[in-house]
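Containing PDB, C-alpha atoms: run.pdb.
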ATOM      1  CA  MET E  12     -93.258 -58.020 161.243  1.00  0.00           C
ATOM      2  CA  ALA E  13     -89.674 -57.186 162.220  1.00  0.00           C
ATOM      3  CA  PRO E  14     -90.054 -55.762 165.734  1.00  0.00           C
ATOM      4  CA  ASP E  15     -86.357 -56.070 166.640  1.00  0.00           C
ATOM      5  CA  LEU E  16     -85.369 -53.496 164.030  1.00  0.00           C
ATOM      6  CA  ALA E  17     -85.732 -49.732 164.203  1.00  0.00           C
ATOM      7  CA  TRP E  18     -87.379 -48.602 160.977  1.00  0.00           C
ATOM      8  CA  GLU E  19     -87.572 -45.011 159.823  1.00  0.00           C
ATOM      9  CA  PRO E  20     -90.297 -43.957 157.406  1.00  0.00           C
ATOM     10  CA  LEU E  21     -89.598 -42.027 154.241  1.00  0.00           C
ATOM     11  CA  PRO E  22     -88.397 -38.544 155.258  1.00  0.00           C
ATOM     12  CA  ALA E  23     -91.279 -36.070 155.053  1.00  0.00           C
ATOM     13  CA  GLU E  24     -89.304 -33.721 152.806  1.00  0.00           C
ATOM     14  CA  LEU E  25     -88.973 -36.375 150.088  1.00  0.00           C
ATOM     15  CA  PRO E  26     -91.703 -36.868 147.502  1.00  0.00           C
ATOM     16  CA  ASP E  27     -93.142 -40.325 147.038  1.00  0.00           C
ATOM     17  CA  PRO E  28     -90.705 -42.494 145.097  1.00  0.00           C
ATOM     18  CA  PRO E  29     -91.622 -43.115 141.461  1.00  0.00           C
ATOM     19  CA  GLU E  30     -93.357 -46.332 140.407  1.00  0.00           C
ATOM     20  CA  THR E  31     -92.949 -46.443 136.645  1.00  0.00           C
ATOM     21  CA  GLY E  32     -91.840 -50.053 136.233  1.00  0.00           C
ATOM     22  CA  ASP E  33     -93.970 -52.728 134.634  1.00  0.00           C
ATOM     23  CA  THR E  34     -93.162 -55.359 137.288  1.00  0.00           C
ATOM     24  CA  PHE E  35     -93.197 -55.475 141.076  1.00  0.00           C
ATOM     25  CA  LEU E  36     -89.434 -56.092 140.981  1.00  0.00           C
ATOM     26  CA  ALA E  37     -88.726 -53.025 138.832  1.00  0.00           C
ATOM     27  CA  ASN E  38     -90.853 -50.791 141.049  1.00  0.00           C
ATOM     28  CA  ALA E  39     -89.364 -52.067 144.319  1.00  0.00           C
ATOM     29  CA  ILE E  40     -85.809 -51.506 143.051  1.00  0.00           C
ATOM     30  CA  GLN E  41     -86.728 -48.086 141.680  1.00  0.00           C
ATOM     31  CA  LYS E  42     -88.187 -46.990 145.020  1.00  0.00           C
ATOM     32  CA  ALA E  43     -85.286 -48.324 147.119  1.00  0.00           C
ATOM     33  CA  ARG E  44     -82.685 -46.678 144.840  1.00  0.00           C
ATOM     34  CA  PHE E  45     -84.601 -43.393 144.892  1.00  0.00           C
ATOM     35  CA  VAL E  46     -84.528 -43.262 148.696  1.00  0.00           C
ATOM     36  CA  PHE E  47     -80.904 -44.413 148.961  1.00  0.00           C
ATOM     37  CA  GLU E  48     -79.751 -41.826 146.409  1.00  0.00           C
ATOM     38  CA  ALA E  49     -81.763 -39.056 148.083  1.00  0.00           C
ATOM     39  CA  THR E  50     -80.669 -39.828 151.657  1.00  0.00           C
ATOM     40  CA  GLY E  51     -77.412 -41.773 151.408  1.00  0.00           C
ATOM     41  CA  ARG E  52     -78.937 -44.288 153.820  1.00  0.00           C
ATOM     42  CA  ALA E  53     -79.835 -47.896 153.197  1.00  0.00           C
ATOM     43  CA  ALA E  54     -83.442 -48.257 152.099  1.00  0.00           C
ATOM     44  CA  LEU E  55     -85.946 -51.093 152.015  1.00  0.00           C
ATOM     45  CA  ALA E  56     -88.880 -50.718 149.643  1.00  0.00           C
ATOM     46  CA  ASP E  57     -91.649 -52.965 148.490  1.00  0.00           C
ATOM     47  CA  ASP E  58     -94.034 -53.224 145.622  1.00  0.00           C
ATOM     48  CA  SER E  59     -96.968 -55.516 145.921  1.00  0.00           C
ATOM     49  CA  GLY E  60    -100.383 -56.241 144.580  1.00  0.00           C
ATOM     50  CA  LEU E  61    -102.983 -58.737 143.534  1.00  0.00           C
ATOM     51  CA  GLU E  62    -102.697 -61.042 140.520  1.00  0.00           C
ATOM     52  CA  VAL E  63    -105.861 -62.763 139.279  1.00  0.00           C
ATOM     53  CA  ASP E  64    -105.338 -65.673 136.884  1.00  0.00           C
ATOM     54  CA  ALA E  65    -108.629 -65.195 134.987  1.00  0.00           C
ATOM     55  CA  LEU E  66    -107.625 -61.582 134.300  1.00  0.00           C
ATOM     56  CA  GLY E  67    -104.189 -62.423 132.932  1.00  0.00           C
ATOM     57  CA  GLY E  68    -102.499 -61.315 136.152  1.00  0.00           C
ATOM     58  CA  ARG E  69    -104.334 -58.016 136.488  1.00  0.00           C
ATOM     59  CA  PRO E  70    -104.579 -55.799 138.418  1.00  0.00           C
ATOM     60  CA  GLY E  71    -100.880 -56.551 139.094  1.00  0.00           C
ATOM     61  CA  VAL E  72     -98.682 -53.475 139.398  1.00  0.00           C
ATOM     62  CA  PHE E  73    -101.801 -51.332 138.987  1.00  0.00           C
ATOM     63  CA  SER E  74    -103.525 -52.836 142.045  1.00  0.00           C
ATOM     64  CA  ARG E  75    -103.677 -49.565 143.978  1.00  0.00           C
ATOM     65  CA  ARG E  76    -104.919 -47.580 140.990  1.00  0.00           C
ATOM     66  CA  TYR E  77    -107.025 -50.227 139.247  1.00  0.00           C
ATOM     67  CA  SER E  78    -110.147 -48.076 139.012  1.00  0.00           C
ATOM     68  CA  PRO E  79    -110.268 -44.438 137.903  1.00  0.00           C
ATOM     69  CA  GLU E  80    -111.111 -43.433 141.497  1.00  0.00           C
ATOM     70  CA  ALA E  81    -108.180 -45.476 142.870  1.00  0.00           C
ATOM     71  CA  THR E  82    -110.034 -46.209 146.132  1.00  0.00           C
ATOM     72  CA  ASP E  83    -110.358 -49.570 147.853  1.00  0.00           C
ATOM     73  CA  GLY E  84    -114.116 -49.666 147.304  1.00  0.00           C
ATOM     74  CA  ALA E  85    -113.956 -48.716 143.631  1.00  0.00           C
ATOM     75  CA  ASN E  86    -111.083 -51.145 142.978  1.00  0.00           C
ATOM     76  CA  ASN E  87    -113.027 -53.982 144.617  1.00  0.00           C
ATOM     77  CA  ARG E  88    -116.200 -53.162 142.669  1.00  0.00           C
ATOM     78  CA  ARG E  89    -114.259 -53.174 139.386  1.00  0.00           C
ATOM     79  CA  LEU E  90    -112.625 -56.495 140.249  1.00  0.00           C
ATOM     80  CA  LEU E  91    -115.974 -58.110 141.087  1.00  0.00           C
ATOM     81  CA  ALA E  92    -117.536 -56.733 137.896  1.00  0.00           C
ATOM     82  CA  GLU E  93    -114.710 -58.106 135.758  1.00  0.00           C
ATOM     83  CA  LEU E  94    -115.031 -61.509 137.443  1.00  0.00           C
ATOM     84  CA  GLY E  95    -118.810 -61.673 137.015  1.00  0.00           C
ATOM     85  CA  GLY E  96    -119.633 -65.187 135.783  1.00  0.00           C
ATOM     86  CA  VAL E  97    -116.045 -66.407 136.149  1.00  0.00           C
ATOM     87  CA  THR E  98    -115.763 -69.654 138.101  1.00  0.00           C
ATOM     88  CA  ASP E  99    -111.957 -69.960 138.263  1.00  0.00           C
ATOM     89  CA  ARG E 100    -111.136 -67.124 140.652  1.00  0.00           C
ATOM     90  CA  ARG E 101    -107.568 -68.205 141.577  1.00  0.00           C
ATOM     91  CA  ALA E 102    -105.403 -65.297 142.647  1.00  0.00           C
ATOM     92  CA  ARG E 103    -102.416 -64.391 144.728  1.00  0.00           C
ATOM     93  CA  TYR E 104    -101.008 -61.463 146.566  1.00  0.00           C
ATOM     94  CA  ARG E 105     -97.403 -60.919 145.522  1.00  0.00           C
ATOM     95  CA  CYS E 106     -94.744 -58.775 147.207  1.00  0.00           C
ATOM     96  CA  VAL E 107     -91.218 -57.945 146.110  1.00  0.00           C
ATOM     97  CA  LEU E 108     -88.800 -56.247 148.502  1.00  0.00           C
ATOM     98  CA  ALA E 109     -85.679 -54.402 147.447  1.00  0.00           C
ATOM     99  CA  TRP E 110     -82.880 -53.257 149.743  1.00  0.00           C
ATOM    100  CA  CYS E 111     -80.441 -50.701 148.381  1.00  0.00           C
ATOM    101  CA  ASP E 112     -77.222 -49.595 150.060  1.00  0.00           C
ATOM    102  CA  ALA E 113     -73.657 -48.754 149.035  1.00  0.00           C
ATOM    103  CA  ALA E 114     -72.963 -52.449 148.343  1.00  0.00           C
ATOM    104  CA  GLY E 115     -75.817 -52.731 145.841  1.00  0.00           C
ATOM    105  CA  VAL E 116     -79.313 -54.178 145.726  1.00  0.00           C
ATOM    106  CA  VAL E 117     -80.747 -57.275 147.425  1.00  0.00           C
ATOM    107  CA  THR E 118     -84.226 -58.475 146.492  1.00  0.00           C
ATOM    108  CA  ALA E 119     -86.680 -61.077 147.738  1.00  0.00           C
ATOM    109  CA  ALA E 120     -90.245 -62.046 146.918  1.00  0.00           C
ATOM    110  CA  GLY E 121     -93.188 -63.691 148.605  1.00  0.00           C
ATOM    111  CA  SER E 122     -96.722 -64.639 147.706  1.00  0.00           C
ATOM    112  CA  CYS E 123     -99.962 -65.734 149.309  1.00  0.00           C
ATOM    113  CA  GLU E 124    -102.174 -68.002 147.194  1.00  0.00           C
ATOM    114  CA  GLY E 125    -105.936 -67.940 147.315  1.00  0.00           C
ATOM    115  CA  MET E 126    -109.042 -66.954 145.425  1.00  0.00           C
ATOM    116  CA  ILE E 127    -111.395 -64.019 145.018  1.00  0.00           C
ATOM    117  CA  GLY E 128    -114.690 -64.282 146.887  1.00  0.00           C
ATOM    118  CA  GLN E 129    -118.116 -63.261 145.656  1.00  0.00           C
ATOM    119  CA  GLU E 130    -118.606 -60.360 148.079  1.00  0.00           C
ATOM    120  CA  PRO E 131    -116.538 -58.329 150.552  1.00  0.00           C
ATOM    121  CA  ARG E 132    -116.312 -59.612 154.136  1.00  0.00           C
ATOM    122  CA  GLY E 133    -114.377 -58.480 157.198  1.00  0.00           C
ATOM    123  CA  THR E 134    -113.149 -55.287 158.785  1.00  0.00           C
ATOM    124  CA  TYR E 135    -109.368 -55.739 159.057  1.00  0.00           C
ATOM    125  CA  GLY E 136    -106.837 -54.900 156.387  1.00  0.00           C
ATOM    126  CA  PHE E 137    -107.214 -52.752 153.310  1.00  0.00           C
ATOM    127  CA  GLY E 138    -107.295 -52.967 149.540  1.00  0.00           C
ATOM    128  CA  TYR E 139    -108.555 -56.298 148.270  1.00  0.00           C
ATOM    129  CA  ASP E 140    -108.437 -57.983 151.709  1.00  0.00           C
ATOM    130  CA  PRO E 141    -112.262 -58.176 152.032  1.00  0.00           C
ATOM    131  CA  LEU E 142    -112.395 -60.218 148.790  1.00  0.00           C
ATOM    132  CA  PHE E 143    -109.249 -62.345 149.074  1.00  0.00           C
ATOM    133  CA  LEU E 144    -109.688 -65.845 150.529  1.00  0.00           C
ATOM    134  CA  PRO E 145    -106.210 -67.208 151.323  1.00  0.00           C
ATOM    135  CA  ASP E 146    -105.699 -70.950 150.923  1.00  0.00           C
ATOM    136  CA  ALA E 147    -104.109 -71.031 154.390  1.00  0.00           C
ATOM    137  CA  THR E 148    -107.355 -69.984 156.119  1.00  0.00           C
ATOM    138  CA  PRO E 149    -110.238 -71.715 154.303  1.00  0.00           C
ATOM    139  CA  GLY E 150    -113.503 -69.782 154.357  1.00  0.00           C
ATOM    140  CA  ARG E 151    -111.999 -66.574 155.792  1.00  0.00           C
ATOM    141  CA  THR E 152    -110.979 -63.464 153.902  1.00  0.00           C
ATOM    142  CA  MET E 153    -107.803 -61.565 154.703  1.00  0.00           C
ATOM    143  CA  ALA E 154    -110.054 -58.872 156.200  1.00  0.00           C
ATOM    144  CA  GLU E 155    -111.449 -61.447 158.649  1.00  0.00           C
ATOM    145  CA  LEU E 156    -107.984 -62.303 160.008  1.00  0.00           C
ATOM    146  CA  SER E 157    -106.442 -60.480 162.939  1.00  0.00           C
ATOM    147  CA  PRO E 158    -103.254 -58.563 162.085  1.00  0.00           C
ATOM    148  CA  PRO E 159    -100.998 -61.265 163.652  1.00  0.00           C
ATOM    149  CA  GLU E 160    -102.835 -64.014 161.729  1.00  0.00           C
ATOM    150  CA  LYS E 161    -102.461 -62.070 158.499  1.00  0.00           C
ATOM    151  CA  ASP E 162     -98.762 -61.385 159.124  1.00  0.00           C
ATOM    152  CA  ARG E 163     -98.083 -65.124 159.499  1.00  0.00           C
ATOM    153  CA  ILE E 164     -99.471 -66.002 156.051  1.00  0.00           C
ATOM    154  CA  SER E 165     -99.150 -62.789 154.054  1.00  0.00           C
ATOM    155  CA  HIS E 166     -97.124 -62.111 150.956  1.00  0.00           C
ATOM    156  CA  ARG E 167     -95.240 -59.386 152.834  1.00  0.00           C
ATOM    157  CA  GLY E 168     -94.403 -61.750 155.682  1.00  0.00           C
ATOM    158  CA  ALA E 169     -93.126 -64.338 153.190  1.00  0.00           C
ATOM    159  CA  ALA E 170     -91.091 -61.704 151.343  1.00  0.00           C
ATOM    160  CA  LEU E 171     -89.612 -60.361 154.585  1.00  0.00           C
ATOM    161  CA  SER E 172     -88.542 -63.855 155.686  1.00  0.00           C
ATOM    162  CA  ALA E 173     -86.969 -64.479 152.283  1.00  0.00           C
ATOM    163  CA  PHE E 174     -85.286 -61.065 152.411  1.00  0.00           C
ATOM    164  CA  PHE E 175     -83.614 -61.665 155.762  1.00  0.00           C
ATOM    165  CA  ALA E 176     -82.376 -65.066 154.546  1.00  0.00           C
ATOM    166  CA  GLU E 177     -81.046 -63.549 151.306  1.00  0.00           C
ATOM    167  CA  LEU E 178     -79.375 -60.637 153.112  1.00  0.00           C
ATOM    168  CA  GLN E 179     -77.674 -63.071 155.487  1.00  0.00           C
ATOM    169  CA  ARG E 180     -76.531 -65.227 152.546  1.00  0.00           C
ATOM    170  CA  CYS E 181     -75.057 -62.463 150.409  1.00  0.00           C
ATOM    171  CA  ARG E 182     -73.743 -59.943 152.939  1.00  0.00           C
TER     172      ARG E 182
END

With the file now loaded, output its structure as structure tokens.
Amino acid sequence: MAPDLAWEPLPAELPDPPETGDTFLANAIQKARFVFEATGRAALADDSGLEVDALGGRPGVFSRRYSPEATDGANNRRLLAELGGVTDRRARYRCVLAWCDAAGVVTAAGSCEGMIGQEPRGTYGFGYDPLFLPDATPGRTMAELSPPEKDRISHRGAALSAFFAELQRCR
């Protein structure tokens, strides 16, 4: 989504950054600071997940590990089971980005509104994509969108756009 930049992944010798916060913002900042402090290099981190209104915002920060198995299939089955009989299936993907460097932390957020479908559909994407029906593409799940289509409407795309604008504004 930012092809003009040269990104480096987390160095292999570093463990995964901790995610002990209770919000996407706290986790994104924690991960970016962890990498910056370990490497001395600017770091961009994200935390993201699915928020379902009928479930009080769950799975939220626990989206990746919502079921005991913490697999896409098991997470989707649990979500569908918990929504059994629920008619208001409004939800959103939310993403918070945090940039950490010697000057401090810059954050930005983005979301993608939609609803949870009745059954999984599509082969693209991961996580809850086969169940999530974005408002921007009526009748199609995220997993039925090509990667470029998904990038244009996704929570990560929105957060990245907001991040570049915020970085420009404050730096």

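Evaluated on this file, the PyMOL selection byres ((chain E and resi 77) around 12) matches E:Gly60, E:Leu61, E:Glu62, E:Arg69, E:Pro70, E:Gly71, E:Val72, E:Phe73, E:Ser74, E:Arg75, E:Arg76, E:Ser78, E:Pro79, E:Glu80, E:Ala81, E:Thr82, E:Asp83, E:Gly84, E:Ala85, E:Asn86, E:Asn87, E:Arg88, E:Arg89, E:Leu90, E:Glu93, E:Gly138, E:Tyr139.
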
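Distances here use only C-alpha atoms; by that measure, the residue among E:Leu66, E:Ala120, E:Ala170, E:Leu55 closest to Gly95 in chain E is E:Leu66.
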
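Nearest residue to Gly121 in chain E among E:Leu156, E:Leu144, E:Leu91, E:Ala169 is E:Ala169, counting all atoms listed in the file.
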
Near Arg151 in chain E, counting only C-alpha atoms, which residues have an atom at most 12 Å away, once you skip same-chain residues fewer than 2 positions from it, shown as an MDAnalysis selection string? chainID E and resid 125:128 130:135 140:149 153:157 160:161

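CA of Cys106 in chain E sits 15.7 Å away from CA of Ala176 in chain E.
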
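Once the PyMOL selection byres ((chain E and resi 16-25) around 12) is applied to the shown structure, the selection contains Met12, Ala13, Pro14, Asp15, Pro26, Asp27, Pro28, Pro29, Lys42, Ala43, Phe45, Val46, Phe47, Glu48, Ala49, Thr50, Arg52, Ala53, Ala54, Leu55, Ala56 and Phe175 of chain E.
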
Could you complete range 145-160 of chain E so that it carries N, CA and C atoms, and give it back as a compact mmCIF listing (two decimals), in the coordinates of the input?
# COMPACT_ATOMS: atom_id res chain seq x y z
N PRO E 145 -107.48 -66.48 151.39
CA PRO E 145 -106.21 -67.21 151.32
C PRO E 145 -106.41 -68.71 151.52
N ASP E 146 -105.65 -69.49 150.78
CA ASP E 146 -105.70 -70.95 150.92
C ASP E 146 -105.40 -71.39 152.36
N ALA E 147 -104.55 -70.65 153.04
CA ALA E 147 -104.11 -71.03 154.39
C ALA E 147 -105.20 -70.90 155.45
N THR E 148 -106.27 -70.17 155.15
CA THR E 148 -107.36 -69.98 156.12
C THR E 148 -108.69 -70.20 155.41
N PRO E 149 -109.03 -71.43 155.09
CA PRO E 149 -110.24 -71.72 154.30
C PRO E 149 -111.49 -71.05 154.88
N GLY E 150 -112.24 -70.40 153.98
CA GLY E 150 -113.50 -69.78 154.36
C GLY E 150 -113.40 -68.40 154.96
N ARG E 151 -112.18 -67.90 155.19
CA ARG E 151 -112.00 -66.57 155.79
C ARG E 151 -111.24 -65.67 154.83
N THR E 152 -111.70 -64.43 154.71
CA THR E 152 -110.98 -63.46 153.90
C THR E 152 -109.81 -62.89 154.70
N MET E 153 -108.91 -62.25 154.01
CA MET E 153 -107.80 -61.56 154.70
C MET E 153 -108.35 -60.53 155.68
N ALA E 154 -109.47 -59.89 155.34
CA ALA E 154 -110.05 -58.87 156.20
C ALA E 154 -110.74 -59.46 157.43
N GLU E 155 -110.88 -60.79 157.47
CA GLU E 155 -111.45 -61.45 158.65
C GLU E 155 -110.36 -62.00 159.57
N LEU E 156 -109.11 -61.83 159.20
CA LEU E 156 -107.98 -62.30 160.01
C LEU E 156 -107.47 -61.16 160.88
N SER E 157 -107.06 -61.49 162.09
CA SER E 157 -106.44 -60.48 162.94
C SER E 157 -105.09 -60.10 162.32
N PRO E 158 -104.56 -58.94 162.64
CA PRO E 158 -103.25 -58.56 162.08
C PRO E 158 -102.16 -59.62 162.31
N PRO E 159 -102.03 -60.23 163.51
CA PRO E 159 -101.00 -61.26 163.65
C PRO E 159 -101.25 -62.50 162.77
N GLU E 160 -102.53 -62.88 162.61
CA GLU E 160 -102.84 -64.01 161.73
C GLU E 160 -102.44 -63.69 160.29
